[in-house]
file run-v7.cif (mmCIF, C-alpha atoms and all ligand atoms)
data_coords
loop_
_atom_site.label_atom_id
_atom_site.label_comp_id
_atom_site.auth_asym_id
_atom_site.auth_seq_id
_atom_site.Cartn_x
_atom_site.Cartn_y
_atom_site.Cartn_z
CA ASP A 1 -17.30 5.03 -25.31
CA SER A 2 -17.02 8.67 -26.30
CA ALA A 3 -15.10 9.19 -23.04
CA ILE A 4 -12.58 6.59 -24.17
CA ASP A 5 -12.39 8.14 -27.65
CA LYS A 6 -11.61 11.52 -26.11
CA PHE A 7 -8.98 9.92 -23.89
CA THR A 8 -7.37 8.18 -26.87
CA ALA A 9 -7.33 11.39 -28.90
CA LYS A 10 -5.63 13.26 -26.05
CA ASN A 11 -2.93 10.67 -25.42
CA PRO A 12 -1.23 9.53 -28.65
CA GLN A 13 2.24 9.48 -27.10
CA SER A 14 1.12 7.29 -24.18
CA ALA A 15 -0.39 4.86 -26.69
CA ALA A 16 2.82 4.88 -28.73
CA ALA A 17 4.92 4.31 -25.60
CA LEU A 18 2.91 1.19 -24.82
CA GLU A 19 3.28 -0.08 -28.37
CA ARG A 20 7.05 0.31 -28.18
CA ALA A 21 7.16 -1.42 -24.79
CA ARG A 22 5.18 -4.42 -26.06
CA ALA A 23 8.23 -5.70 -27.95
CA VAL A 24 10.24 -6.15 -24.76
CA LEU A 25 7.77 -6.20 -21.85
CA PRO A 26 4.78 -8.57 -21.92
CA GLY A 27 1.88 -6.43 -23.06
CA GLY A 28 4.16 -3.47 -22.47
CA ASN A 29 3.80 -4.04 -18.73
CA THR A 30 6.09 -4.76 -15.81
CA ARG A 31 3.64 -3.95 -13.02
CA SER A 32 0.22 -5.56 -13.39
CA SER A 33 -1.65 -3.05 -11.22
CA LEU A 34 -0.89 -0.27 -13.69
CA TRP A 35 -2.76 -1.83 -16.58
CA SER A 36 -6.03 -0.22 -17.58
CA ALA A 37 -7.81 -0.19 -20.92
CA PRO A 38 -7.43 1.22 -23.50
CA PHE A 39 -3.86 1.94 -22.31
CA PRO A 40 -2.28 3.42 -19.19
CA LEU A 41 -0.76 6.88 -19.25
CA CYS A 42 2.99 7.17 -19.59
CA ILE A 43 4.02 9.76 -17.00
CA ALA A 44 7.15 11.73 -17.80
CA SER A 45 7.58 13.85 -14.69
CA GLY A 46 6.05 15.06 -11.46
CA GLU A 47 6.31 18.11 -9.28
CA GLY A 48 4.65 18.67 -5.93
CA CYS A 49 1.23 17.03 -6.22
CA ARG A 50 1.15 17.21 -10.02
CA ILE A 51 2.21 14.77 -12.73
CA ARG A 52 2.71 15.35 -16.45
CA ASP A 53 2.32 12.69 -19.12
CA VAL A 54 4.34 12.27 -22.31
CA ASP A 55 1.65 14.17 -24.26
CA GLY A 56 2.08 17.17 -21.97
CA ASN A 57 -1.23 16.78 -20.10
CA THR A 58 -0.99 17.56 -16.39
CA TYR A 59 -2.99 16.05 -13.57
CA VAL A 60 -3.33 16.48 -9.85
CA ASP A 61 -2.05 13.16 -8.53
CA PHE A 62 -4.73 11.76 -6.24
CA LEU A 63 -3.36 8.24 -6.65
CA GLY A 64 -0.16 9.00 -4.77
CA GLU A 65 1.70 5.99 -6.16
CA PHE A 66 -0.73 3.49 -4.64
CA THR A 67 0.01 4.97 -1.16
CA ALA A 68 3.82 5.00 -1.52
CA GLY A 69 3.86 8.59 -2.79
CA ILE A 70 3.00 10.28 0.48
CA PHE A 71 5.63 13.02 -0.01
CA GLY A 72 4.48 14.17 -3.43
CA HIS A 73 6.95 14.34 -6.28
CA SER A 74 9.49 16.93 -5.30
CA SER A 75 10.97 17.32 -1.87
CA PRO A 76 14.17 19.33 -1.49
CA ILE A 77 14.72 17.64 1.88
CA LEU A 78 14.59 14.13 0.46
CA ALA A 79 16.59 15.14 -2.60
CA ARG A 80 19.32 16.51 -0.33
CA ALA A 81 19.37 13.41 1.89
CA LEU A 82 19.67 11.21 -1.18
CA ALA A 83 22.37 13.34 -2.76
CA ASP A 84 24.38 13.47 0.49
CA ALA A 85 24.27 9.69 0.86
CA HIS A 86 25.15 9.28 -2.79
CA ALA A 87 28.15 11.58 -2.40
CA ARG A 88 29.45 9.31 0.35
CA GLY A 89 29.62 6.31 -1.98
CA ILE A 90 26.98 4.25 -3.73
CA ASN A 91 27.45 0.70 -2.48
CA LEU A 92 29.53 0.54 0.65
CA SER A 93 30.17 -3.21 0.96
CA SER A 94 29.29 -3.42 4.66
CA HIS A 95 27.18 -1.99 7.47
CA THR A 96 26.63 1.76 7.35
CA PRO A 97 25.75 4.36 9.97
CA TYR A 98 22.35 4.90 8.36
CA GLU A 99 20.71 1.54 8.92
CA VAL A 100 20.73 1.74 12.71
CA GLU A 101 19.25 5.23 12.55
CA LEU A 102 16.35 4.05 10.45
CA ALA A 103 15.90 0.91 12.57
CA GLU A 104 15.82 2.93 15.80
CA ARG A 105 13.11 5.14 14.39
CA LEU A 106 10.91 2.26 13.24
CA VAL A 107 11.31 0.32 16.48
CA ALA A 108 10.41 3.45 18.45
CA ARG A 109 7.23 3.92 16.39
CA PHE A 110 5.66 0.49 16.22
CA PRO A 111 4.53 -1.10 19.48
CA SER A 112 5.09 -4.61 18.07
CA MET A 113 8.66 -4.06 16.91
CA ASP A 114 11.47 -4.91 19.32
CA ARG A 115 13.73 -5.50 16.34
CA VAL A 116 13.42 -4.91 12.63
CA ARG A 117 15.07 -6.12 9.43
CA PHE A 118 15.15 -4.38 6.09
CA ALA A 119 14.21 -5.70 2.68
CA ASN A 120 13.56 -4.16 -0.72
CA SER A 121 9.80 -4.32 -1.01
CA GLY A 122 6.67 -4.93 0.97
CA THR A 123 6.35 -8.26 -0.82
CA GLU A 124 9.72 -9.44 0.38
CA ALA A 125 9.07 -8.17 3.89
CA THR A 126 5.83 -10.13 4.10
CA ILE A 127 7.35 -13.31 2.71
CA MET A 128 10.16 -13.01 5.24
CA ALA A 129 7.70 -12.45 8.09
CA ILE A 130 5.75 -15.56 7.09
CA THR A 131 8.96 -17.55 6.79
CA ALA A 132 10.13 -16.39 10.21
CA ALA A 133 6.77 -17.34 11.71
CA ARG A 134 6.95 -20.81 10.20
CA LEU A 135 10.52 -21.45 11.23
CA THR A 136 10.12 -20.18 14.79
CA THR A 137 6.87 -22.07 15.41
CA GLY A 138 7.91 -25.18 13.49
CA ARG A 139 4.46 -25.11 11.86
CA GLU A 140 3.35 -24.88 8.24
CA ARG A 141 -0.02 -23.29 7.71
CA ILE A 142 -0.72 -19.60 7.30
CA ILE A 143 -4.18 -18.11 7.56
CA ALA A 144 -4.76 -15.24 5.13
CA PHE A 145 -7.99 -13.56 3.99
CA GLU A 146 -10.04 -13.25 0.83
CA GLY A 147 -9.34 -9.88 -0.73
CA GLY A 148 -5.96 -9.72 1.00
CA TYR A 149 -2.94 -8.36 -0.80
CA HIS A 150 0.53 -8.87 0.59
CA GLY A 151 2.50 -8.35 -2.59
CA GLY A 152 2.89 -9.89 -5.98
CA VAL A 153 3.46 -13.39 -4.56
CA ALA A 154 0.81 -13.40 -1.83
CA THR A 155 -2.46 -12.07 -3.18
CA PHE A 156 -5.93 -13.36 -2.50
CA ILE A 157 -8.02 -11.00 -4.57
CA PRO A 158 -10.32 -12.94 -6.90
CA GLY A 159 -9.76 -12.32 -10.58
CA ALA A 160 -6.78 -13.09 -12.77
CA ASP A 161 -4.69 -16.16 -12.01
CA ARG A 162 -2.07 -15.24 -9.49
CA VAL A 163 1.57 -16.14 -9.16
CA ASN A 164 1.62 -17.08 -5.49
CA ALA A 165 4.50 -18.22 -3.29
CA PRO A 166 4.53 -21.97 -2.66
CA TYR A 167 3.22 -21.75 0.88
CA GLN A 168 0.17 -23.38 2.35
CA PHE A 169 -2.30 -20.57 2.81
CA ASP A 170 -5.74 -21.14 4.31
CA VAL A 171 -7.69 -18.31 2.72
CA LEU A 172 -10.69 -17.42 4.90
CA PRO A 173 -13.43 -14.79 4.57
CA PHE A 174 -12.29 -11.37 5.77
CA ASP A 175 -13.64 -9.91 9.00
CA ASP A 176 -15.31 -13.21 9.93
CA LEU A 177 -13.97 -14.36 13.27
CA THR A 178 -16.13 -17.48 13.33
CA ALA A 179 -14.32 -18.81 10.28
CA VAL A 180 -10.96 -18.30 11.97
CA GLN A 181 -12.19 -19.97 15.17
CA ALA A 182 -13.31 -22.94 13.11
CA ALA A 183 -9.95 -23.13 11.35
CA PHE A 184 -8.08 -23.21 14.65
CA ALA A 185 -10.50 -25.80 16.04
CA HIS A 186 -9.88 -27.96 12.99
CA ASP A 187 -6.09 -27.56 13.08
CA PRO A 188 -4.56 -25.88 16.14
CA GLN A 189 -1.10 -26.12 14.51
CA ILE A 190 -1.38 -22.86 12.59
CA ALA A 191 1.91 -21.00 12.21
CA ALA A 192 0.58 -17.52 11.60
CA VAL A 193 -2.37 -15.31 10.81
CA LEU A 194 -1.55 -12.63 8.24
CA VAL A 195 -3.93 -9.68 8.01
CA GLU A 196 -4.15 -6.11 6.78
CA PRO A 197 -5.98 -3.87 9.30
CA MET A 198 -7.55 -2.41 6.18
CA GLN A 199 -7.44 -4.39 2.94
CA GLY A 200 -5.94 -1.87 0.55
CA ALA A 201 -5.74 -3.47 -2.88
CA GLY A 202 -8.84 -5.47 -1.96
CA GLY A 203 -10.86 -2.24 -2.16
CA CYS A 204 -10.18 -0.40 1.13
CA ARG A 205 -12.17 -2.77 3.31
CA VAL A 206 -11.61 -1.94 6.96
CA ALA A 207 -11.34 -4.78 9.47
CA SER A 208 -13.52 -4.38 12.53
CA THR A 209 -11.70 -3.86 15.80
CA ALA A 210 -13.50 -6.90 17.22
CA PHE A 211 -12.13 -9.06 14.40
CA LEU A 212 -8.54 -7.93 14.94
CA ALA A 213 -8.85 -8.26 18.72
CA GLY A 214 -10.32 -11.73 18.21
CA LEU A 215 -7.37 -12.71 16.02
CA ARG A 216 -5.07 -11.49 18.78
CA SER A 217 -6.65 -13.72 21.39
CA LEU A 218 -6.93 -16.76 19.07
CA CYS A 219 -3.22 -16.48 18.23
CA ASP A 220 -2.41 -16.11 21.92
CA SER A 221 -4.32 -19.19 22.91
CA HIS A 222 -2.89 -21.34 20.09
CA GLY A 223 0.69 -20.11 20.00
CA ALA A 224 0.32 -18.74 16.49
CA VAL A 225 2.09 -15.61 15.26
CA LEU A 226 -0.17 -12.66 14.47
CA ILE A 227 1.26 -10.62 11.60
CA PHE A 228 -0.17 -7.21 10.71
CA ASP A 229 0.65 -6.16 7.17
CA GLU A 230 0.82 -2.40 7.68
CA VAL A 231 2.47 -1.68 4.34
CA GLN A 232 -0.46 0.66 3.60
CA THR A 233 -1.95 1.38 7.02
CA ALA A 234 1.31 2.45 8.68
CA ARG A 235 0.47 6.01 7.61
CA MET A 236 -2.67 6.12 9.77
CA ALA A 237 -0.69 7.17 12.87
CA GLU A 238 2.87 7.37 14.11
CA GLY A 239 2.62 3.75 15.25
CA GLY A 240 0.31 2.61 12.47
CA MET A 241 -3.13 1.06 12.94
CA GLN A 242 -1.82 -1.13 15.76
CA ALA A 243 -1.24 2.03 17.79
CA ARG A 244 -4.59 3.53 16.80
CA LEU A 245 -6.41 0.37 17.82
CA GLY A 246 -4.28 -0.62 20.79
CA ILE A 247 -3.88 -4.15 19.37
CA THR A 248 -0.27 -5.32 19.22
CA PRO A 249 0.58 -8.07 16.75
CA ASP A 250 3.65 -10.30 17.11
CA MET A 251 5.10 -9.14 13.81
CA THR A 252 4.53 -6.20 11.47
CA THR A 253 5.47 -5.52 7.88
CA VAL A 254 5.89 -2.04 6.42
CA GLY A 255 7.06 -0.60 3.12
CA LYS A 256 5.90 1.98 0.59
CA PHE A 257 7.15 5.29 2.01
CA PHE A 258 9.56 4.55 4.86
CA GLY A 259 12.41 4.60 2.36
CA GLY A 260 11.64 8.23 1.58
CA GLY A 261 10.39 7.33 -1.89
CA LEU A 262 12.97 4.66 -2.72
CA ALA A 263 12.27 0.93 -2.94
CA PHE A 264 11.69 -0.32 0.59
CA GLY A 265 10.29 -2.99 2.84
CA ALA A 266 10.84 -4.03 6.46
CA PHE A 267 9.57 -6.64 8.87
CA GLY A 268 9.85 -6.53 12.61
CA GLY A 269 8.45 -8.03 15.73
CA ARG A 270 8.99 -9.54 19.13
CA ALA A 271 12.62 -10.09 20.09
CA SER A 272 11.92 -13.78 20.68
CA ILE A 273 11.09 -14.20 16.99
CA MET A 274 13.38 -11.62 15.40
CA ASP A 275 16.48 -12.58 17.37
CA ARG A 276 16.57 -15.86 15.47
CA PHE A 277 18.09 -13.73 12.71
CA ASP A 278 21.13 -12.97 14.92
CA PRO A 279 23.87 -14.46 12.73
CA ALA A 280 26.04 -15.36 15.75
CA ARG A 281 23.44 -17.79 17.05
CA PRO A 282 23.94 -21.47 16.39
CA ASP A 283 20.29 -21.72 15.29
CA ALA A 284 20.41 -18.50 13.25
CA LEU A 285 18.00 -17.95 10.37
CA ALA A 286 19.74 -16.39 7.39
CA HIS A 287 18.27 -13.48 5.46
CA ALA A 288 20.69 -11.88 3.03
CA GLY A 289 19.94 -9.28 0.38
CA THR A 290 22.37 -7.07 -1.48
CA PHE A 291 20.25 -3.97 -1.09
CA ASN A 292 18.71 -4.66 2.35
CA ASN A 293 20.74 -1.88 3.96
CA ASN A 294 21.59 0.21 0.93
CA SER A 295 22.71 3.56 2.21
CA LEU A 296 20.67 5.61 -0.28
CA THR A 297 17.35 4.21 0.95
CA MET A 298 18.36 4.16 4.61
CA ALA A 299 19.49 7.80 4.62
CA THR A 300 16.49 9.05 2.67
CA GLY A 301 14.16 7.12 4.96
CA VAL A 302 15.63 8.77 8.05
CA ALA A 303 15.12 12.22 6.54
CA ALA A 304 11.57 11.31 5.54
CA ILE A 305 10.65 10.21 9.05
CA ASP A 306 12.23 13.20 10.74
CA HIS A 307 10.84 15.85 8.42
CA TYR A 308 7.53 14.50 7.16
CA LEU A 309 6.19 11.49 9.04
CA THR A 310 5.68 13.27 12.32
CA PRO A 311 2.75 12.33 14.58
CA ALA A 312 1.10 15.70 13.94
CA ALA A 313 1.48 15.47 10.16
CA LEU A 314 0.07 11.94 10.05
CA GLU A 315 -2.84 12.86 12.30
CA ALA A 316 -3.66 15.86 10.11
CA LEU A 317 -3.46 13.70 6.97
CA PHE A 318 -5.75 11.12 8.57
CA GLU A 319 -8.35 13.78 9.43
CA ARG A 320 -8.07 15.32 5.99
CA GLY A 321 -8.75 11.92 4.46
CA GLU A 322 -11.75 11.30 6.67
CA THR A 323 -13.21 14.63 5.57
CA PHE A 324 -12.40 13.89 1.92
CA ARG A 325 -14.14 10.51 2.03
CA GLY A 326 -17.14 12.09 3.74
CA ARG A 327 -17.37 14.71 0.99
CA LEU A 328 -17.07 12.02 -1.67
CA ASN A 329 -20.00 10.10 -0.23
CA ALA A 330 -22.03 13.27 0.17
CA ALA A 331 -21.44 14.12 -3.52
CA PHE A 332 -22.31 10.58 -4.56
CA GLY A 333 -25.46 10.67 -2.46
CA ALA A 334 -26.54 14.00 -3.95
CA SER A 335 -25.96 12.70 -7.50
CA GLY A 336 -28.26 9.72 -7.03
CA LEU A 337 -25.63 7.54 -8.70
CA PRO A 338 -24.64 4.23 -7.10
CA PHE A 339 -21.10 5.17 -6.09
CA GLU A 340 -19.62 4.67 -2.66
CA ALA A 341 -16.23 5.44 -1.13
CA THR A 342 -14.82 3.14 1.54
CA GLY A 343 -11.57 3.47 3.42
CA LEU A 344 -9.73 4.88 6.34
CA GLY A 345 -7.98 8.22 6.73
CA SER A 346 -6.17 9.29 3.59
CA ILE A 347 -6.61 5.99 1.70
CA MET A 348 -9.96 5.27 0.06
CA ASN A 349 -11.58 3.44 -2.82
CA ILE A 350 -14.48 4.52 -4.99
CA HIS A 351 -16.80 1.63 -5.82
CA ALA A 352 -19.63 1.58 -8.33
CA ARG A 353 -22.45 -0.60 -7.05
CA LEU A 354 -24.48 -1.87 -9.98
CA GLU A 355 -25.98 -5.34 -10.50
CA THR A 356 -23.05 -6.88 -12.33
CA ALA A 357 -19.29 -6.53 -12.09
CA ASP A 358 -19.15 -5.45 -15.74
CA SER A 359 -21.70 -2.69 -15.45
CA SER A 360 -20.09 -1.48 -12.23
CA ALA A 361 -16.68 -1.35 -13.92
CA ALA A 362 -18.17 0.56 -16.87
CA LEU A 363 -19.70 3.14 -14.52
CA ARG A 364 -16.47 3.50 -12.58
CA ARG A 365 -14.61 4.07 -15.85
CA LEU A 366 -17.02 6.83 -16.82
CA LEU A 367 -16.17 8.58 -13.58
CA GLN A 368 -12.45 7.99 -13.99
CA PHE A 369 -12.28 9.20 -17.61
CA GLY A 370 -14.49 12.19 -16.80
CA MET A 371 -12.20 13.16 -13.95
CA MET A 372 -9.05 12.62 -16.00
CA ALA A 373 -10.44 14.91 -18.68
CA LYS A 374 -10.58 17.55 -15.93
CA GLY A 375 -7.02 16.91 -14.80
CA GLN A 376 -7.82 14.71 -11.80
CA TYR A 377 -5.89 11.46 -11.62
CA PHE A 378 -6.65 8.36 -9.53
CA ALA A 379 -6.45 4.61 -10.08
CA ALA A 380 -8.67 2.85 -12.59
CA ARG A 381 -9.83 0.59 -9.79
CA GLY A 382 -10.97 3.64 -7.81
CA LEU A 383 -8.09 4.01 -5.35
CA ILE A 384 -7.30 7.46 -3.97
CA ALA A 385 -4.34 8.02 -1.63
CA LEU A 386 -3.87 11.61 -0.52
CA SER A 387 -0.31 12.83 -0.24
CA LEU A 388 1.14 15.47 2.04
CA ALA A 389 1.72 17.60 -1.07
CA ILE A 390 -1.97 18.04 -1.88
CA GLY A 391 -3.31 21.38 -0.70
CA ASP A 392 -6.76 22.78 0.03
CA ALA A 393 -6.97 24.37 -3.43
CA GLU A 394 -6.41 21.00 -5.12
CA ILE A 395 -9.05 19.41 -2.93
CA GLU A 396 -11.57 22.10 -3.85
CA GLY A 397 -10.63 21.64 -7.51
CA PHE A 398 -11.27 17.93 -7.21
CA PHE A 399 -14.77 18.40 -5.79
CA THR A 400 -15.70 21.04 -8.35
CA ALA A 401 -14.69 18.62 -11.09
CA LEU A 402 -16.47 15.74 -9.37
CA THR A 403 -19.77 17.61 -9.15
CA GLU A 404 -19.61 18.39 -12.88
CA VAL A 405 -18.67 14.87 -13.87
CA LEU A 406 -21.39 13.31 -11.73
CA ALA A 407 -23.94 15.69 -13.28
CA ASP A 408 -22.72 14.70 -16.77
CA ILE A 409 -23.06 11.01 -15.97
CA ALA A 410 -26.48 11.40 -14.33
CA GLY A 411 -27.74 13.57 -17.22
N1 LIG A 501 1.21 -5.46 1.49
C1 LIG A 501 0.28 -4.53 1.22
C2 LIG A 501 -0.85 -4.31 2.16
C3 LIG A 501 0.39 -3.76 0.05
O1 LIG A 501 -0.55 -2.85 -0.23
C4 LIG A 501 1.49 -3.97 -0.80
C5 LIG A 501 1.63 -3.18 -2.05
O2 LIG A 501 0.72 -2.59 -2.55
C6 LIG A 501 2.43 -4.95 -0.46
C7 LIG A 501 2.26 -5.66 0.69
C8 LIG A 501 3.58 -5.22 -1.35
O3 LIG A 501 4.50 -4.18 -1.33
P1 LIG A 501 5.47 -3.99 -2.60
O4 LIG A 501 4.62 -3.55 -3.72
O5 LIG A 501 6.45 -2.95 -2.12
O6 LIG A 501 6.14 -5.29 -2.84
#
call {"tool": "encode", "arguments": {"input": "run-v7.cif", "output": "structure tokens", "more": "lines below"}}
Ligand code: PLP
result
Amino acid sequence: DSAIDKFTAKNPQSAAALERARAVLPGGNTRSSLWSAPFPLCIASGEGCRIRDVDGNTYVDFLGEFTAGIFGHSSPILARALADAHARGINLSSHTPYEVELAERLVARFPSMDRVRFANSGTEATIMAITAARLTTGRERIIAFEGGYHGGVATFIPGADRVNAPYQFDVLPFDDLTAVQAAFAHDPQIAAVLVEPMQGAGGCRVASTAFLAGLRSLCDSHGAVLIFDEVQTARMAEGGMQARLGITPDMTTVGKFFGGGLAFGAFGGRASIMDRFDPARPDALAHAGTFNNNSLTMATGVAAIDHYLTPAALEALFERGETFRGRLNAAFGASGLPFEATGLGSIMNIHARLETADSSAALRRLLQFGMMAKGQYFAARGLIALSLAIGDAEIEGFFTALTEVLADIAG
């Protein structure tokens, strides 16, 4: 607990900010994933790969806004794109030239997307994809997986009670094809299978290729819609994990960074499904949304794709992440402490593997507080998402700090 005492002593303004917020936000919180005891930091500003809290402490940001912060905190290119769009009017009351530009880029990237529609978050995109799958198949049930996270209203991570959308989800064990086969045998009238190629919020658990390929063929033989939630994994390659694996789902959801740092979500898929949203059709499905095509997000997203999310940049980030995770596990192994990092490319999660959940959490907190004391910031739950703004010097700084903190804990 001395680590927590030191943290508390260093962060009086963050504590005070939470106290003030409690009067108007439940527990001072409007985003559950940010809560961590004794209180989360209140971050005042960011620049490049660094963030500064309200007490003036600075950190290298290895959390990268839970994977949405792939650009770091200050990009002149994105700032210019945003300012240019803003100068052309804030809300334009109709279609704009920007939305087709962003749509063309996404459709060109993702093998599964013949058409795409925009939304305001990954949550909304996933709910819309599920809804489209149900309405186009005329079926009800959705298969999802334990540990899955598809947004605040579709989360299957055990723990706190969840506020889930009123859909019928069959929640099956992850990466277990036999369970899915059994579900289809029991009820062939499944509308859709919804899966993350790597469960992000569930702890960076990577689906086996055989599992995803098996889902593809089960959906094919039963007329169900296979939906890949690539809100996190889209960064693994130009065309996301589906391109890396050569497995093409019927629908895909994305979000996080394709709006160039602004609130964003999109769902896309086969023309035969997506074209039901053509408003001129007699059987059209409606999907409105004031900010679906807002010109600020659309324009910034186009600039982000063209300048940052190039195939070469994403491949380099993937390799950098693989090396980083390898170094993490080497350091953990050398320390003799029961830590492990799982993940894929630039997204990874540090787990503490002790007998009980409580003791594991306590060990993970020791690591987290030790690293924060040395200016290294990542999520309380162990998530690290490297951004394009992190350089070699910051990575070396991280591992120097890690070696010291592990030695402290072991000693
Ligand atoms: N799907 C996955 C895989 C996610 O990781 C997230 C967010 O973390 C979402 C969906 C929801 O996206 P948003 O937070 O933009 O609603």
call {"tool": "residues_around", "arguments": {"input": "run-v7.cif", "residues": "Ala3 in chain A", "least_positions_apart": "2", "cutoff": "8 Å", "atoms": "only C-alpha atoms", "output": "VMD selection string"}}
result
chain A and resid 1 5 to 7 366 369 to 370
call {"tool": "closest_residue", "arguments": {"input": "run-v7.cif", "among": "A:Ala144, A:Val163, A:Leu212, A:Ala237", "to": "Pro111 in chain A", "atoms": "all atoms listed in the file"}}
result
A:Ala237
call {"tool": "atom_distance", "arguments": {"input": "run-v7.cif", "atom1": "CA of Phe291 in chain A", "atom2": "CA of Arg80 in chain A"}}
result
20.5 Å
call {"tool": "residues_around", "arguments": {"input": "run-v7.cif", "residues": "Ser217 in chain A", "least_positions_apart": "5", "cutoff": "12 Å", "atoms": "all atoms listed in the file", "output": "count of residues only"}}
result
17
call {"tool": "residues_near_ligand", "arguments": {"input": "run-v7.cif", "ligand": "ligand LIG 501 (chain A)", "cutoff": "10 Å", "atoms": "only C-alpha atoms and all ligand atoms", "output": "VMD selection string"}}
result
chain A and resid 31 33 65 to 68 119 to 127 148 to 155 195 to 202 228 to 234 253 to 257 263 to 266
call {"tool": "closest_residue", "arguments": {"input": "run-v7.cif", "among": "A:Gly375, A:Gly321, A:Gly382, A:Gly336", "to": "Arg52 in chain A", "atoms": "all atoms listed in the file"}}
result
A:Gly375
call {"tool": "atom_distance", "arguments": {"input": "run-v7.cif", "atom1": "CA of Val171 in chain A", "atom2": "CA of Phe145 in chain A"}}
result
4.9 Å
call {"tool": "residues_around", "arguments": {"input": "run-v7.cif", "residues": "range 355-363 of chain A", "least_positions_apart": "4", "cutoff": "10 Å", "atoms": "all atoms listed in the file", "output": "PyMOL selection string"}}
result
chain A and resi 1+337-339+351+367-368+380-382+409
call {"tool": "closest_residue", "arguments": {"input": "run-v7.cif", "among": "A:Arg134, A:His86, A:Arg205, A:Arg281", "to": "Gly343 in chain A", "atoms": "all atoms listed in the file"}}
result
A:Arg205
call {"tool": "residues_near_point", "arguments": {"input": "run-v7.cif", "point": "(-5.7, 19.4, -17.7)", "cutoff": "7 Å", "atoms": "only C-alpha atoms", "output": "compact mmCIF listing (two decimals) with C-alpha atoms, in the coordinates of the input"}}
result
# COMPACT_ATOMS: atom_id res chain seq x y z
CA ASN A 57 -1.23 16.78 -20.10
CA THR A 58 -0.99 17.56 -16.39
CA TYR A 59 -2.99 16.05 -13.57
CA ALA A 373 -10.44 14.91 -18.68
CA LYS A 374 -10.58 17.55 -15.93
CA GLY A 375 -7.02 16.91 -14.80
call {"tool": "residues_around", "arguments": {"input": "run-v7.cif", "residues": "range 23-29 of chain A", "least_positions_apart": "6", "cutoff": "10 Å", "atoms": "all atoms listed in the file", "output": "CSV table (one decimal) with C-alpha atoms, in the coordinates of the input"}}
result
chain,number,residue,atom,x,y,z
A,17,ALA,CA,4.9,4.3,-25.6
A,35,TRP,CA,-2.8,-1.8,-16.6
A,39,PHE,CA,-3.9,1.9,-22.3
A,40,PRO,CA,-2.3,3.4,-19.2
call {"tool": "atom_distance", "arguments": {"input": "run-v7.cif", "atom1": "CA of Ile190 in chain A", "atom2": "CA of Ala207 in chain A"}}
result
20.9 Å
call {"tool": "residues_around", "arguments": {"input": "run-v7.cif", "residues": "Pro311 in chain A", "least_positions_apart": "2", "cutoff": "6 Å", "atoms": "all atoms listed in the file", "output": "PyMOL selection string"}}
result
chain A and resi 238+313-314
call {"tool": "write_last_selection", "arguments": {"input": "run-v7.cif", "atoms": "C-alpha atoms", "output": "mmCIF file, in the frame of the given file"}}
result
data_model
loop_
_atom_site.group_PDB
_atom_site.id
_atom_site.type_symbol
_atom_site.label_atom_id
_atom_site.label_comp_id
_atom_site.auth_asym_id
_atom_site.auth_seq_id
_atom_site.Cartn_x
_atom_site.Cartn_y
_atom_site.Cartn_z
ATOM 1 C CA GLU A 238 2.870 7.370 14.110
ATOM 2 C CA ALA A 313 1.480 15.470 10.160
ATOM 3 C CA LEU A 314 0.070 11.940 10.050
#
call {"tool": "closest_residue", "arguments": {"input": "run-v7.cif", "among": "A:Gly48, A:Ala108, A:Glu140, A:Ile4", "to": "Pro76 in chain A", "atoms": "all atoms listed in the file"}}
result
A:Gly48
call {"tool": "build_atoms", "arguments": {"input": "run-v7.cif", "residues": "range 76-84 of chain A", "atoms": "N, CA and C atoms", "output": "mmCIF file, in the coordinates of the input"}}
result
data_model
loop_
_atom_site.group_PDB
_atom_site.id
_atom_site.type_symbol
_atom_site.label_atom_id
_atom_site.label_comp_id
_atom_site.auth_asym_id
_atom_site.auth_seq_id
_atom_site.Cartn_x
_atom_site.Cartn_y
_atom_site.Cartn_z
ATOM 1 N N PRO A 76 12.759 18.949 -1.587
ATOM 2 C CA PRO A 76 14.170 19.330 -1.490
ATOM 3 C C PRO A 76 14.867 18.595 -0.340
ATOM 4 N N ILE A 77 14.110 18.310 0.712
ATOM 5 C CA ILE A 77 14.720 17.640 1.880
ATOM 6 C C ILE A 77 15.130 16.213 1.523
ATOM 7 N N LEU A 78 14.253 15.504 0.832
ATOM 8 C CA LEU A 78 14.590 14.130 0.460
ATOM 9 C C LEU A 78 15.660 14.119 -0.625
ATOM 10 N N ALA A 79 15.578 15.080 -1.540
ATOM 11 C CA ALA A 79 16.590 15.140 -2.600
ATOM 12 C C ALA A 79 17.975 15.372 -1.989
ATOM 13 N N ARG A 80 18.048 16.226 -0.979
ATOM 14 C CA ARG A 80 19.320 16.510 -0.330
ATOM 15 C C ARG A 80 19.835 15.267 0.420
ATOM 16 N N ALA A 81 18.944 14.599 1.138
ATOM 17 C CA ALA A 81 19.370 13.410 1.890
ATOM 18 C C ALA A 81 19.918 12.352 0.933
ATOM 19 N N LEU A 82 19.233 12.197 -0.189
ATOM 20 C CA LEU A 82 19.670 11.210 -1.180
ATOM 21 C C LEU A 82 21.013 11.608 -1.787
ATOM 22 N N ALA A 83 21.123 12.882 -2.145
ATOM 23 C CA ALA A 83 22.370 13.340 -2.760
ATOM 24 C C ALA A 83 23.543 13.235 -1.784
ATOM 25 N N ASP A 84 23.302 13.563 -0.513
ATOM 26 C CA ASP A 84 24.380 13.470 0.490
ATOM 27 C C ASP A 84 24.855 12.030 0.640
#
